[in-house]
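Some notes on the structure that comes next.
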Amino acid sequence: MFNLKYFIAILIINATMAQWTITHYEGYDKSFTQNKLDNYIQLHCEAYNLPIIAQQGGLQKVISLKDFKPFAKTKILLEFIVPMDSKYSISIQNKTIDITQSWELGYGFSIINQCFNTSDYKMLSFNYELDGKKYTEISIFIQLLDDESNLQQKYVGIKQIHIFQMECPQNCQECEYNDNSSLVCLECENNFTFQVNQNKCYCTNFEFQNQCLKQCPDGYAANIYRGCTKVELLETYSFGQNTNLKLNKNFEQQLQLKKSSQIQLEVDIILSNFKAFQQFDIMINDIYQGWIANYYSNIYIQIYNISESQCEYSKNCTLIKLQTPIVDVNSSILNVKTTFKPIKSQSHKPRYNLLEDLEDEKQSLESEIIIQKIKITQLLIDETICSQQNCKICDQKYIEQDQCKQCKEGFYLFENECVQQCPEESIQEDFHCKTFLKKQSNSKFIVKDVDITQNNWAGEISLLDNRSQFQYRFNKTNLLFGGKWRRQEFTKILILEPHYALTYTFTVSYIDLSENNDQQTGFFYQIDGGEYNYINPQDLIQIDGDANKPDSIVQYSKYFKHTNNDIMITIGCNTIGYCFLQDYYLIIHKCTPYCKSCTGPSKSECLEFTRNLYEFDYKTKLCKSGYFENDDKICQKCEVANCSECKSKYQCNICKKGCSLHLQGSKCTCE
């Protein structure tokens with residue numbers, strides 16, 4: 001028995017770690033693009049319906065990168081065909097590479113025989129990482145090195161091409177790959193600001209069609225997520241011209257709307273001698289919409305700030321244009337209120353600050369706020385406002401987070417996010433990324449546990465007995481491995497979370513098989529040292545590809561009860577031909593949270609709960625005071641202050657003693 005020493009590197013999406021992404025693909029089941037610098041003809045292998053490009057003596061293929069996103073690194077993976085008795089050279093970007101980086105593939109002979117009408121060719125694979133990140137195209141040139149007299153009727157062919165890139169973070173114009181295996185943004189796109197702690201470019205103004213704008217364009221209004229939402233303008237109201245507010249003075253205006261809808265409020269104000277520990281608040285129907293405050297001589301604005309400029313009203317004054325996001329008004333009565341008040345502070349006098357005024361308190365200039373204009377625009381929204389970026393339609397019944405139902409064009413819905421590429425643990429169906437779990441609760445994927453080193457995307461390795469060969473390659477958009485194993489076995493041991501069952505699922509390709517009716521022929525696996533399970537190719541249902549293709553694929557899935565804390569999986573192939581394993585997953589069906597052992601997913605099926613947890617009571621099997629059970633059955637802390645029993649993160653049911661519930665459960669007011 002041999003241990004599997006080579007692993008396929010699936011680079012999982014992470015906020016800080018770099019990820020190889022397939023940004024370009026040609027061949028196999030997709031036609032080749034044509035560039036004006038290309039030098040080849042396209043062969044049509046009718047028996048396999050595969051496009052293969054070829055040219056006599058040498059072949060040049062150019063791939064344009066002009067429409068690609070900014071990137072830090074690029075790797076190219078190529079499957080190509082050359083005569084068996086010919087020497088050859090490979091050039092990338094006019095640089096000759098070491099051909100020892102290419103490996104001969106031990107399959108695909110039937111493809112070559114049919115397409116080239118001869119058996120004198122071989123198929124190879126190589127991968128190469130390019131230097132630099134400023135180029136706009138990739139040039140590939142494969143040339144035979146035979147004498148001119150021997151080049152007649154000898155061809156070079158390409159079966160498929162993959163371009164992998166480490167793309168820069170969103171809205172990043174230039175980035176680099178550092179020694180910590182992370183992508184670091186060096187320069188953001190126009191008006192975007194880089195946030196170091198999140199390694200992303202953030203729009204501090206308003207985002208519209210992947211641009212960061214100072215203000216939303218006409219026909220659009222800013223929403224609470226700093227995006228621009230398409231709207232129809234219904235009516236505009238203006239009032240409050242040149243209203244002067246001193247400390248502890250309020251302004252209030254009530255309007256009768258023609259109908260309840262959405263509104264946006266704009267306020268132009270002058271701050272004159274705005275001292276420390278003073279605050280200006282804006283409310284609509286008794287709900288805070290924003291404020292401006294001076295803390296320790298620093299101005300903080302908690303509302304959309306469109307512009308700031310100096311004014312001539314006094315020596316120390318600023319003209320500020322403010323704007324609220326779109327506000328839902330569930331009433332035809334609109335009440336707008338502003339307050340100007342001192343901030344309570346135990347260490348500073350409320351109306352005087354020595355940091356600002358050195359003269360006598362009685363002689364210091366008074367603070368003023370002059371409301372130049374308040375403008376209310378009544379709106380009709382033409383599209384749904386969603387918290388998820390690139391979400392087109394969402395369900396807004398959840399207070400803490402919307403549920404996205406449909407993404408915008410070019411994006412796929414996965415776990416309430418819109419992504420440009422489905423993650424490895426999912427499959428693409430229409431406009432969704434779906435896992436094999438579908439709607440099974442308390443289940444999750446264990447990341448693919450068959451791996452090959454990330455430096456070897458394709459190749460061939462001799463195993464410990466020096467007789468067997470282990471082959472692996474990249475095909476289409478999936479990593480596969482296999483080989484003429486001659487009854488070789490590979491074992492892996494995994495430590496698991498508390499669970500009651502497992503699902504073992506994978507797809508397998510059988511290539512160049514000889515006719516063999518033996519029941520112990522084909523791919524096999526063994527769980528925890530039990531009996532061998534043989535996956536005979538004749539017993540499986542084909543799910544992809546032409547039955548005559550050497551790359552036809554079949555699927556296998558098995559659910560079985562399992563409660564041990566670890567599992568030992570042995571896999572192998574017993575065949576004269578080749579087995580290729582693909583989409584190899586182990587799905588763990590977990591016990592309910594806080595359960596140490598169970599017979600099923602519910603709390604009633606838990607045999608033993610974890611004790612002495614600060615958020616969960618193992619006796620009552622309920623969350624403790626100040627926590628609520630979320631959709632994942634996890635006890636989550638309530639964010640409403642002074643709440644003893646909450647329904648969700650921002651929704652309180654019962655306040656603590658001496659406090660009362662307000663604003664539809666979103667606030668507890670205490671005496």
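To be explicit about the labels: the chains of the structure tokens are called A, B, and onward in the order shown, and within each one the residues are counted from 1, while ligands get numbers from 1 in the order they are shown.
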Residues within 8 Å of A:Phe280, please, as a PDB file with C-alpha atoms, in the first residue's frame. Count only C-alpha atoms; anything in the same chain fewer than 6 positions from it doesn't count.
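Dumped everything to selection.pdb:
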```pdb
ATOM      1  CA  TRP A 291     -25.592  63.685  12.273  1.00  0.00           C
ATOM      2  CA  ILE A 292     -22.582  66.001  12.389  1.00  0.00           C
ATOM      3  CA  ALA A 293     -20.548  66.123  15.610  1.00  0.00           C
ATOM      4  CA  THR A 338     -33.300  68.844  13.165  1.00  0.00           C
ATOM      5  CA  THR A 339     -31.732  69.407  16.596  1.00  0.00           C
ATOM      6  CA  PHE A 340     -28.615  71.312  17.640  1.00  0.00           C
ATOM      7  CA  LYS A 341     -27.392  70.279  21.092  1.00  0.00           C
TER       8      LYS A 341
END
```
For A:Cys638: contacts at 9 Å, only C-alpha atoms, fewer than 6 positions along chain excluded, given as a short mmCIF file (atom, residue, chain, number, x, y, z; two decimals) with N, CA, C and O atoms, in the first residue's frame:
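Output saved as out_10.cif:
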```cif
data_model
loop_
_atom_site.label_atom_id
_atom_site.label_comp_id
_atom_site.auth_asym_id
_atom_site.auth_seq_id
_atom_site.Cartn_x
_atom_site.Cartn_y
_atom_site.Cartn_z
N GLY A 626 -29.88 37.25 25.93
CA GLY A 626 -29.03 38.15 25.14
C GLY A 626 -28.54 37.54 23.85
O GLY A 626 -27.81 38.18 23.10
N TYR A 627 -28.96 36.29 23.56
CA TYR A 627 -28.57 35.61 22.33
C TYR A 627 -29.82 35.09 21.62
O TYR A 627 -30.87 34.89 22.25
N PHE A 628 -29.72 34.88 20.33
CA PHE A 628 -30.82 34.30 19.56
C PHE A 628 -30.26 33.22 18.64
O PHE A 628 -29.07 33.20 18.33
N SER A 644 -33.09 41.67 26.50
CA SER A 644 -32.90 40.39 27.18
C SER A 644 -33.32 39.21 26.32
O SER A 644 -32.83 38.09 26.49
N GLU A 645 -34.23 39.44 25.39
CA GLU A 645 -34.68 38.37 24.48
C GLU A 645 -34.89 38.94 23.09
O GLU A 645 -35.69 39.86 22.90
N CYS A 646 -34.13 38.46 22.11
CA CYS A 646 -34.22 39.04 20.77
C CYS A 646 -34.61 37.98 19.74
O CYS A 646 -34.37 36.79 19.91
N LYS A 647 -35.21 38.47 18.67
CA LYS A 647 -35.68 37.62 17.58
C LYS A 647 -34.60 37.46 16.52
O LYS A 647 -34.48 36.41 15.89
N SER A 648 -33.85 38.52 16.30
CA SER A 648 -32.75 38.51 15.34
C SER A 648 -31.70 39.51 15.81
O SER A 648 -31.83 40.09 16.91
N LYS A 649 -30.68 39.71 15.03
CA LYS A 649 -29.54 40.54 15.45
C LYS A 649 -29.97 41.95 15.85
O LYS A 649 -29.49 42.52 16.82
N TYR A 650 -30.92 42.54 15.10
CA TYR A 650 -31.36 43.91 15.36
C TYR A 650 -32.84 44.00 15.69
O TYR A 650 -33.45 45.06 15.57
N GLN A 651 -33.45 42.90 16.12
CA GLN A 651 -34.88 42.86 16.41
C GLN A 651 -35.09 42.29 17.82
O GLN A 651 -34.89 41.11 18.06
N CYS A 652 -35.51 43.14 18.77
CA CYS A 652 -35.68 42.73 20.16
C CYS A 652 -37.15 42.39 20.42
O CYS A 652 -38.07 43.07 19.92
#
```
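Among the candidates A:Asp395, A:Asp131, A:Asp218, A:Glu312, the one nearest to A:Gln93 when counting only C-alpha atoms is A:Asp131.
Pairwise distance (atom CA of A:Glu415, atom CA of A:Gln403) equals 9.3 Å.
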**Prompt:** Counting only C-alpha atoms, which of A:Gln310, A:Thr318, A:Gln55, A:Asn180 gets nearest to A:Ile158?
**Reply:**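 For A:Ile158, the nearest of the candidates is A:Gln55.
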**Prompt:** Skipping near chain neighbours, those fewer than 5 positions away, what residues fall within 9 Å of A:Gly290 using only C-alpha atoms, listed as a VMD selection string?
**Reply:** chain A and resid 280 to 283 301 to 304 324
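Every protein or nucleic acid residue with an atom no more than 8 Å from A:Ser367, counting only C-alpha atoms and leaving out same-chain residues fewer than 2 positions away, appears here: Lys246, Leu247, Leu271, Ser272, Asn273, Phe274, Lys275, Leu365 and Ile369 of chain A.
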**Request:** Find the spatial neighbours of A:Tyr202, counting only C-alpha atoms, within a cut-off of 12 Å - ignore same-chain residues fewer than 5 positions away - and output them as a PyMOL selection string.
**Result:** chain A and resi 169-172+185+187-197+207+210-213+225-227
Please, could you write that set of residues out with C-alpha atoms as an mmCIF file, in the first residue's frame?
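Written out: part11.cif:
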```cif
data_model
loop_
_atom_site.group_PDB
_atom_site.id
_atom_site.type_symbol
_atom_site.label_atom_id
_atom_site.label_comp_id
_atom_site.auth_asym_id
_atom_site.auth_seq_id
_atom_site.Cartn_x
_atom_site.Cartn_y
_atom_site.Cartn_z
ATOM 1 C CA PRO A 169 -8.893 42.751 -6.066
ATOM 2 C CA GLN A 170 -12.022 44.412 -7.389
ATOM 3 C CA ASN A 171 -11.568 48.047 -8.495
ATOM 4 C CA CYS A 172 -7.790 47.705 -8.125
ATOM 5 C CA CYS A 185 -3.205 46.402 -4.286
ATOM 6 C CA GLU A 187 -3.181 51.516 -6.960
ATOM 7 C CA CYS A 188 -6.985 51.739 -6.979
ATOM 8 C CA GLU A 189 -9.125 52.920 -9.851
ATOM 9 C CA ASN A 190 -10.280 56.550 -10.005
ATOM 10 C CA ASN A 191 -11.905 57.849 -6.771
ATOM 11 C CA PHE A 192 -11.586 54.463 -5.026
ATOM 12 C CA THR A 193 -9.686 54.346 -1.705
ATOM 13 C CA PHE A 194 -7.618 51.375 -0.568
ATOM 14 C CA GLN A 195 -8.506 49.803 2.810
ATOM 15 C CA VAL A 196 -5.411 48.054 4.142
ATOM 16 C CA ASN A 197 -7.172 45.894 6.736
ATOM 17 C CA GLU A 207 -20.732 53.438 -6.794
ATOM 18 C CA ASN A 210 -18.158 49.991 -11.410
ATOM 19 C CA GLN A 211 -17.268 53.676 -11.096
ATOM 20 C CA CYS A 212 -16.917 55.750 -7.937
ATOM 21 C CA LEU A 213 -18.755 59.073 -8.391
ATOM 22 C CA TYR A 225 -25.276 50.802 0.455
ATOM 23 C CA ARG A 226 -23.635 53.782 -1.306
ATOM 24 C CA GLY A 227 -24.874 52.565 -4.651
#
```
**Request:** Name the residues in contact with A:Asp566 at a cut-off of 12 Å, using only C-alpha atoms, excluding same-chain residues fewer than 6 positions from it; report them as a PyMOL selection string.
**Result:** chain A and resi 492-499+502+527-528+588
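Straight-line separation from atom CA of A:Gln372 to atom CA of A:Thr243: 6.7 Å.
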**DSSP strand (DSSP E or B) selection over stretch 137-293 of chain A, as a PyMOL selection string** = chain A and resi 137-144+155-167+172-177+182-188+192-195+200-203+206-208+211-213+220-222+227-239+243-245+249-256+262-272+278-284+287-293
**Near-A:Ser31 list (9 Å; only C-alpha atoms; drop same-chain fewer than 4 positions) as a PyMOL selection string** = chain A and resi 26-27+50-52
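Atom pair atom CA of A:Cys643 / atom CA of A:Ile287 has a distance of 19.2 Å (rounded to one decimal).
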**Message:** Could you check the closest approach to A:Asn574 for each of A:Phe523, A:Tyr128, A:Phe116, A:Tyr532 and tell me which residue wins, using only C-alpha atoms?
**Reply:** A:Phe523
